[in-house]
>>> print(open('work.pdb').read())   # PDB, C-alpha atoms
ATOM      1  CA  MET A  30     -62.141 -54.548   1.039
ATOM      2  CA  SER A  31     -62.071 -51.300   2.940
ATOM      3  CA  THR A  32     -59.648 -49.612   5.267
ATOM      4  CA  PHE A  33     -60.329 -46.732   7.589
ATOM      5  CA  ALA A  34     -59.236 -45.118  10.837
ATOM      6  CA  LEU A  35     -61.346 -45.067  13.970
ATOM      7  CA  GLN A  36     -61.236 -42.461  16.690
ATOM      8  CA  GLY A  37     -61.417 -43.534  20.312
ATOM      9  CA  HIS A  38     -59.365 -44.697  23.261
ATOM     10  CA  ARG A  39     -56.446 -46.958  22.562
ATOM     11  CA  PRO A  40     -55.843 -49.750  25.063
ATOM     12  CA  THR A  41     -52.316 -50.494  26.169
ATOM     13  CA  SER A  42     -50.712 -52.543  23.414
ATOM     14  CA  GLY A  43     -49.402 -55.077  25.886
ATOM     15  CA  ALA A  44     -52.957 -55.908  26.912
ATOM     16  CA  ARG A  45     -53.674 -57.451  23.558
ATOM     17  CA  THR A  46     -50.340 -57.930  21.808
ATOM     18  CA  PRO A  47     -50.880 -61.227  20.026
ATOM     19  CA  ARG A  48     -48.880 -64.200  21.224
ATOM     20  CA  ARG A  49     -48.486 -66.739  18.474
ATOM     21  CA  PRO A  50     -49.422 -70.322  19.308
ATOM     22  CA  THR A  51     -46.730 -72.903  18.642
ATOM     23  CA  SER A  52     -48.799 -74.249  15.757
ATOM     24  CA  ALA A  53     -48.466 -70.918  13.945
ATOM     25  CA  ARG A  54     -44.732 -71.428  13.609
ATOM     26  CA  MET A  55     -44.460 -75.140  12.906
ATOM     27  CA  PRO A  56     -45.941 -77.335  10.172
ATOM     28  CA  ARG A  57     -48.165 -79.949  11.735
ATOM     29  CA  ALA A  58     -49.992 -82.998  10.462
ATOM     30  CA  ARG A  59     -53.767 -82.683  10.275
ATOM     31  CA  ASP A  60     -54.243 -85.558  12.725
ATOM     32  CA  ALA A  61     -51.460 -84.560  15.150
ATOM     33  CA  PRO A  62     -52.506 -83.660  18.719
ATOM     34  CA  GLU A  63     -52.616 -79.948  19.357
ATOM     35  CA  ALA A  64     -49.723 -78.716  21.468
ATOM     36  CA  PRO A  65     -50.784 -76.659  24.503
ATOM     37  CA  PRO A  66     -50.007 -72.945  24.118
ATOM     38  CA  PRO A  67     -47.391 -71.298  26.346
ATOM     39  CA  ALA A  68     -48.618 -70.037  29.707
ATOM     40  CA  ASP A  69     -48.487 -66.402  28.538
ATOM     41  CA  ASP A  70     -50.193 -67.120  25.225
ATOM     42  CA  LYS A  71     -53.023 -64.745  24.386
ATOM     43  CA  PRO A  72     -55.737 -65.266  21.775
ATOM     44  CA  TRP A  73     -55.484 -63.202  18.610
ATOM     45  CA  VAL A  74     -57.928 -64.904  16.193
ATOM     46  CA  PHE A  75     -61.561 -64.429  17.182
ATOM     47  CA  GLY A  76     -64.901 -65.449  15.744
ATOM     48  CA  ILE A  77     -68.242 -63.699  16.094
ATOM     49  CA  ASP A  78     -71.637 -64.835  14.788
ATOM     50  CA  ARG A  79     -72.669 -61.439  13.487
ATOM     51  CA  ALA A  80     -71.214 -58.522  11.569
ATOM     52  CA  LEU A  81     -69.167 -56.010  13.531
ATOM     53  CA  THR A  82     -70.351 -52.424  13.340
ATOM     54  CA  SER A  83     -68.205 -49.295  13.319
ATOM     55  CA  ALA A  84     -69.344 -48.721  16.905
ATOM     56  CA  ASP A  85     -68.104 -52.210  17.839
ATOM     57  CA  MET A  86     -64.707 -51.529  16.311
ATOM     58  CA  SER A  87     -64.447 -48.203  18.082
ATOM     59  CA  ALA A  88     -65.389 -49.840  21.393
ATOM     60  CA  MET A  89     -62.577 -52.344  20.866
ATOM     61  CA  GLY A  90     -60.167 -49.406  20.855
ATOM     62  CA  PHE A  91     -58.410 -49.926  17.528
ATOM     63  CA  THR A  92     -57.242 -46.947  15.510
ATOM     64  CA  ARG A  93     -56.648 -48.875  12.273
ATOM     65  CA  VAL A  94     -59.016 -51.386  10.688
ATOM     66  CA  LEU A  95     -58.814 -53.534   7.554
ATOM     67  CA  VAL A  96     -62.080 -55.152   6.462
ATOM     68  CA  PHE A  97     -62.154 -57.957   3.891
ATOM     69  CA  ASP A  98     -65.268 -59.476   2.354
ATOM     70  CA  ALA A  99     -64.453 -63.111   1.525
ATOM     71  CA  ASP A 100     -67.571 -63.458  -0.632
ATOM     72  CA  GLY A 101     -65.480 -63.711  -3.800
ATOM     73  CA  TRP A 102     -62.700 -65.811  -2.311
ATOM     74  CA  VAL A 103     -63.872 -68.971  -4.037
ATOM     75  CA  ASP A 104     -61.557 -67.563  -6.733
ATOM     76  CA  GLU A 105     -57.999 -67.535  -5.365
ATOM     77  CA  ALA A 106     -56.798 -65.050  -7.980
ATOM     78  CA  ALA A 107     -59.529 -62.610  -6.952
ATOM     79  CA  ALA A 108     -58.628 -63.048  -3.284
ATOM     80  CA  ALA A 109     -54.940 -62.492  -4.056
ATOM     81  CA  GLU A 110     -55.740 -59.271  -5.913
ATOM     82  CA  VAL A 111     -57.781 -57.883  -3.009
ATOM     83  CA  VAL A 112     -55.155 -58.831  -0.419
ATOM     84  CA  SER A 113     -52.367 -57.384  -2.586
ATOM     85  CA  ASP A 114     -54.211 -54.083  -2.806
ATOM     86  CA  ALA A 115     -54.919 -53.981   0.934
ATOM     87  CA  PHE A 116     -51.289 -54.534   1.894
ATOM     88  CA  ARG A 117     -49.983 -52.349  -0.954
ATOM     89  CA  LEU A 118     -47.821 -54.859  -2.753
ATOM     90  CA  PRO A 119     -45.960 -53.199  -5.647
ATOM     91  CA  GLU A 120     -47.022 -56.040  -7.947
ATOM     92  CA  PRO A 121     -50.341 -57.850  -7.379
ATOM     93  CA  LEU A 122     -50.037 -61.493  -6.400
ATOM     94  CA  ARG A 123     -51.542 -63.984  -8.823
ATOM     95  CA  SER A 124     -52.375 -66.452  -6.077
ATOM     96  CA  LEU A 125     -51.990 -67.016  -2.340
ATOM     97  CA  GLY A 126     -49.662 -69.970  -2.753
ATOM     98  CA  LEU A 127     -46.452 -70.954  -1.016
ATOM     99  CA  ALA A 128     -44.281 -69.188  -3.613
ATOM    100  CA  GLU A 129     -46.111 -65.899  -3.022
ATOM    101  CA  ARG A 130     -46.009 -66.089   0.782
ATOM    102  CA  PRO A 131     -42.640 -64.310   1.312
ATOM    103  CA  ALA A 132     -43.756 -61.253  -0.688
ATOM    104  CA  LEU A 133     -47.067 -61.156   1.172
ATOM    105  CA  MET A 134     -45.306 -61.423   4.535
ATOM    106  CA  ARG A 135     -42.951 -58.550   3.688
ATOM    107  CA  ALA A 136     -45.895 -56.334   2.798
ATOM    108  CA  MET A 137     -47.721 -57.344   5.969
ATOM    109  CA  HIS A 138     -44.663 -56.526   8.073
ATOM    110  CA  ALA A 139     -44.636 -53.028   6.601
ATOM    111  CA  ALA A 140     -48.314 -52.640   7.531
ATOM    112  CA  PHE A 141     -47.712 -53.878  11.079
ATOM    113  CA  SER A 142     -44.736 -51.582  11.769
ATOM    114  CA  GLY A 143     -44.932 -48.016  13.038
ATOM    115  CA  CYS A 144     -47.194 -48.693  16.022
ATOM    116  CA  ALA A 145     -46.078 -45.465  17.712
ATOM    117  CA  SER A 146     -47.567 -43.352  14.928
ATOM    118  CA  GLY A 147     -50.115 -45.585  13.228
ATOM    119  CA  GLY A 148     -51.768 -47.491  16.062
ATOM    120  CA  ASP A 149     -52.672 -51.127  16.475
ATOM    121  CA  LEU A 150     -54.463 -53.028  13.723
ATOM    122  CA  LEU A 151     -57.754 -54.912  13.598
ATOM    123  CA  VAL A 152     -58.257 -57.219  10.602
ATOM    124  CA  VAL A 153     -61.877 -58.226   9.990
ATOM    125  CA  ILE A 154     -62.707 -60.978   7.488
ATOM    126  CA  ARG A 155     -66.367 -61.396   6.620
ATOM    127  CA  THR A 156     -67.021 -65.069   5.869
ATOM    128  CA  GLU A 157     -70.818 -65.213   5.668
ATOM    129  CA  ARG A 158     -70.542 -66.798   2.208
ATOM    130  CA  LEU A 159     -69.144 -69.978   3.761
ATOM    131  CA  ILE A 160     -72.470 -70.623   5.489
ATOM    132  CA  ASP A 161     -74.168 -70.889   2.088
ATOM    133  CA  LEU A 162     -71.558 -73.161   0.498
ATOM    134  CA  GLU A 163     -71.870 -76.921   0.743
ATOM    135  CA  ASP A 164     -69.304 -78.161   3.247
ATOM    136  CA  GLY A 165     -66.555 -80.063   1.455
ATOM    137  CA  SER A 166     -67.421 -78.656  -1.969
ATOM    138  CA  ALA A 167     -64.680 -77.279  -4.211
ATOM    139  CA  ASP A 168     -65.893 -73.704  -3.704
ATOM    140  CA  SER A 169     -66.006 -74.173   0.068
ATOM    141  CA  GLU A 170     -62.480 -75.602   0.204
ATOM    142  CA  ARG A 171     -61.084 -72.788  -1.953
ATOM    143  CA  CYS A 172     -62.670 -70.150   0.272
ATOM    144  CA  TYR A 173     -61.446 -71.829   3.478
ATOM    145  CA  THR A 174     -57.965 -72.063   1.954
ATOM    146  CA  CYS A 175     -57.821 -68.366   1.085
ATOM    147  CA  VAL A 176     -59.090 -67.263   4.495
ATOM    148  CA  GLY A 177     -56.709 -69.638   6.248
ATOM    149  CA  ARG A 178     -53.653 -68.586   4.272
ATOM    150  CA  VAL A 179     -54.296 -64.903   4.933
ATOM    151  CA  VAL A 180     -54.672 -65.574   8.670
ATOM    152  CA  ASP A 181     -51.554 -67.745   8.757
ATOM    153  CA  ALA A 182     -49.506 -65.226   6.753
ATOM    154  CA  ILE A 183     -50.476 -62.567   9.306
ATOM    155  CA  ALA A 184     -49.220 -64.847  12.089
ATOM    156  CA  ARG A 185     -45.950 -65.582  10.306
ATOM    157  CA  ALA A 186     -45.305 -61.953   9.355
ATOM    158  CA  TRP A 187     -45.961 -60.707  12.890
ATOM    159  CA  GLU A 188     -43.810 -63.410  14.457
ATOM    160  CA  ALA A 189     -40.914 -62.804  12.055
ATOM    161  CA  ALA A 190     -41.018 -59.061  12.737
ATOM    162  CA  ASN A 191     -41.195 -59.652  16.485
ATOM    163  CA  ASP A 192     -38.252 -62.080  16.353
ATOM    164  CA  ALA A 193     -36.296 -59.477  14.372
ATOM    165  CA  GLY A 194     -36.757 -57.004  17.225
ATOM    166  CA  ASP A 195     -39.114 -54.547  15.529
ATOM    167  CA  ARG A 196     -39.888 -52.184  18.412
ATOM    168  CA  THR A 197     -42.598 -50.348  16.475
ATOM    169  CA  LEU A 198     -44.604 -53.514  15.849
ATOM    170  CA  ALA A 199     -48.346 -53.014  16.246
ATOM    171  CA  ALA A 200     -50.625 -55.422  18.029
ATOM    172  CA  VAL A 201     -52.679 -57.269  15.408
ATOM    173  CA  ILE A 202     -56.013 -58.962  16.061
ATOM    174  CA  VAL A 203     -58.080 -60.912  13.518
ATOM    175  CA  VAL A 204     -61.868 -61.241  13.772
ATOM    176  CA  LEU A 205     -63.690 -63.713  11.523
ATOM    177  CA  GLU A 206     -67.341 -62.815  11.111
ATOM    178  CA  MET A 207     -69.717 -65.800  10.946
ATOM    179  CA  PHE A 208     -66.879 -68.282  10.454
ATOM    180  CA  PRO A 209     -68.397 -71.791  10.752
ATOM    181  CA  LYS A 210     -65.374 -73.536  12.294
ATOM    182  CA  ARG A 211     -63.387 -73.308  15.515
ATOM    183  CA  ARG A 212     -60.017 -73.663  13.831
ATOM    184  CA  VAL A 213     -58.315 -72.154  10.813
ATOM    185  CA  GLU A 214     -56.291 -74.884   9.097
ATOM    186  CA  PRO A 215     -54.773 -73.785   5.786
ATOM    187  CA  VAL A 216     -52.648 -76.054   3.627
ATOM    188  CA  TRP A 217     -49.501 -74.647   2.012
ATOM    189  CA  GLY A 218     -47.789 -76.550  -0.803
ATOM    190  CA  GLU A 219     -48.321 -79.925  -2.423
ATOM    191  CA  PRO A 220     -50.153 -82.614  -0.412
ATOM    192  CA  ALA A 221     -47.110 -84.883  -0.093
ATOM    193  CA  ASP A 222     -45.017 -82.314   1.797
ATOM    194  CA  ALA A 223     -47.567 -79.654   2.684
ATOM    195  CA  GLU A 224     -47.344 -77.350   5.683
ATOM    196  CA  ARG A 225     -50.519 -77.599   7.752
ATOM    197  CA  PRO A 226     -50.557 -74.916  10.463
ATOM    198  CA  ALA A 227     -53.578 -74.468  12.698
ATOM    199  CA  HIS A 228     -54.976 -71.495  14.600
ATOM    200  CA  THR A 229     -57.736 -71.677  17.184
ATOM    201  CA  VAL A 230     -60.702 -69.341  16.682
ATOM    202  CA  VAL A 231     -61.821 -67.978  20.057
ATOM    203  CA  ALA A 232     -65.439 -66.900  20.486
ATOM    204  CA  LEU A 233     -65.593 -63.127  20.844
ATOM    205  CA  GLU A 234     -67.584 -61.947  23.822
ATOM    206  CA  ASP A 235     -70.298 -59.430  23.081
ATOM    207  CA  ASP A 236     -68.980 -56.909  25.609
ATOM    208  CA  LEU A 237     -66.224 -55.850  23.249
ATOM    209  CA  SER A 238     -64.961 -52.803  25.127
ATOM    210  CA  ASN A 239     -64.313 -54.778  28.318
ATOM    211  CA  PHE A 240     -62.764 -57.648  26.406
ATOM    212  CA  PHE A 241     -60.080 -55.504  24.786
ATOM    213  CA  GLU A 242     -59.276 -53.103  27.629
TER     214      GLU A 242
END
>>> encode(input="work.pdb", output="structure tokens")
Amino acid sequence: MSTFALQGHRPTSGARTPRRPTSARMPRARDAPEAPPPADDKPWVFGIDRALTSADMSAMGFTRVLVFDADGWVDEAAAAEVVSDAFRLPEPLRSLGLAERPALMRAMHAAFSGCASGGDLLVVIRTERLIDLEDGSADSERCYTCVGRVVDAIARAWEAANDAGDRTLAAVIVVLEMFPKRRVEPVWGEPADAERPAHTVVALEDDLSNFFE
């Protein structure tokens, strides 16, 4: 994981302030029909079939970037440690489970606040490892789960902060590099009463500067 600041123009936050799809706020069954997003809904989870470069990130106009490498996320404890460090939790999480979600969301809220001074945030998750894992294997499912829970926790933390009236809330965009699926569908909790949110992954156009202006 790495974090760094980028210099460059900063687009108007309203142009890309993420609008959370209904599915990000409500548990939904895996086989339930997807509810249409609100008319003003804007995409905030993107996929790209290559690695973003520093020049790409600068062209997108973000001043803050978090980059995660999900290569080791077949081990949930390892993923939790990396995420804890990135969002500066006082005590590292031992997993990315339902019990740990409130603490992770609080730390994420702190990272998303202070837009006026810190700038908007781009979160990049490199998922190339998933291409090499057998689909449906235990390692594949663990990696998908970790990626999905991080993405969903970002959605929940941002939405909770927005609902609480945080006026310094940064725009947050997630880009999944080489993610093999068009939806992120984590499972929280035990199978019998699990929460199953879903987030659509929108293909990122190659003309990044125009896309985010």
>>> residues_around(input="work.pdb", residues="range 229-231 of chain A", least_positions_apart="6", cutoff="9 Å", atoms="all atoms listed in the file", output="JSON, numbers by chain")
{"A": [50, 72, 73, 74, 75, 76, 77, 204, 205, 208, 210, 211, 212, 213, 214]}
>>> atom_distance(input="work.pdb", atom1="CA of Glu120 in chain A", atom2="CA of Ala139 in chain A")
15.0 Å
>>> resolve_selection(input="work.pdb", expression="the PyMOL selection byres ((chain A and resi 185-189) around 8)", output="number ranges by chain")
A: 49, 53-54, 134-135, 137-138, 141, 181-184, 190-193, 198, 201
>>> closest_residue(input="work.pdb", among="A:Val180, A:Met89, A:Leu95, A:Leu81", to="Ala115 in chain A", atoms="all atoms listed in the file")
A:Leu95
>>> atom_distance(input="work.pdb", atom1="CA of Leu118 in chain A", atom2="CA of Ser142 in chain A")
15.2 Å
>>> residues_around(input="work.pdb", residues="Pro121 in chain A", least_positions_apart="3", cutoff="9 Å", atoms="only C-alpha atoms", output="PDB file with C-alpha atoms, in the frame of the given file")
ATOM      1  CA  ALA A 109     -54.940 -62.492  -4.056  1.00  0.00           C
ATOM      2  CA  GLU A 110     -55.740 -59.271  -5.913  1.00  0.00           C
ATOM      3  CA  VAL A 111     -57.781 -57.883  -3.009  1.00  0.00           C
ATOM      4  CA  VAL A 112     -55.155 -58.831  -0.419  1.00  0.00           C
ATOM      5  CA  SER A 113     -52.367 -57.384  -2.586  1.00  0.00           C
ATOM      6  CA  ASP A 114     -54.211 -54.083  -2.806  1.00  0.00           C
ATOM      7  CA  ARG A 117     -49.983 -52.349  -0.954  1.00  0.00           C
ATOM      8  CA  LEU A 118     -47.821 -54.859  -2.753  1.00  0.00           C
ATOM      9  CA  SER A 124     -52.375 -66.452  -6.077  1.00  0.00           C
TER      10      SER A 124
END
>>> resolve_selection(input="work.pdb", expression="the PyMOL selection byres ((chain A and resi 91) around 7)", output="PyMOL selection string")
chain A and resi 35+39+86-87+89-90+92-93+149-151
>>> atom_distance(input="work.pdb", atom1="CA of Ala136 in chain A", atom2="CA of Pro119 in chain A")
9.0 Å
>>> closest_residue(input="work.pdb", among="A:Ala223, A:Val152, A:Ala140, A:Cys172", to="Ala199 in chain A", atoms="only C-alpha atoms")
A:Ala140
>>> residues_around(input="work.pdb", residues="Arg158 in chain A", least_positions_apart="2", cutoff="8 Å", atoms="only C-alpha atoms", output="list in words")
Ala99, Asp100, Thr156, Ile160, Asp161 and Leu162 of chain A
>>> write_last_selection(input="work.pdb", atoms="C-alpha atoms", output="mmCIF file, in the coordinates of the input")
data_model
loop_
_atom_site.group_PDB
_atom_site.id
_atom_site.type_symbol
_atom_site.label_atom_id
_atom_site.label_comp_id
_atom_site.auth_asym_id
_atom_site.auth_seq_id
_atom_site.Cartn_x
_atom_site.Cartn_y
_atom_site.Cartn_z
ATOM 1 C CA ALA A 99 -64.453 -63.111 1.525
ATOM 2 C CA ASP A 100 -67.571 -63.458 -0.632
ATOM 3 C CA THR A 156 -67.021 -65.069 5.869
ATOM 4 C CA ILE A 160 -72.470 -70.623 5.489
ATOM 5 C CA ASP A 161 -74.168 -70.889 2.088
ATOM 6 C CA LEU A 162 -71.558 -73.161 0.498
#
>>> closest_residue(input="work.pdb", among="A:Glu206, A:Ala132, A:Gly194, A:Gly165", to="Ala80 in chain A", atoms="only C-alpha atoms")
A:Glu206
>>> closest_residue(input="work.pdb", among="A:Glu105, A:Asp195, A:Glu129, A:Asp98", to="Leu159 in chain A", atoms="all atoms listed in the file")
A:Asp98
>>> closest_atom_pairs(input="work.pdb", of="range 107-133 of chain A", to="range 173-178 of chain A", cutoff="9 Å", atoms="only C-alpha atoms", output="JSON lines")
{"residue": "A:Ala108", "atom": "CA", "partner": "A:Cys175", "partner_atom": "CA", "distance": 6.9}
{"residue": "A:Ala109", "atom": "CA", "partner": "A:Cys175", "partner_atom": "CA", "distance": 8.3}
{"residue": "A:Leu125", "atom": "CA", "partner": "A:Cys175", "partner_atom": "CA", "distance": 6.9}
{"residue": "A:Gly126", "atom": "CA", "partner": "A:Arg178", "partner_atom": "CA", "distance": 8.2}
{"residue": "A:Arg130", "atom": "CA", "partner": "A:Arg178", "partner_atom": "CA", "distance": 8.8}
>>> resolve_selection(input="work.pdb", expression="the PyMOL selection byres ((chain A and resi 217) around 9)", output="PyMOL selection string")
chain A and resi 126-127+174+178+215-216+218-220+222-226
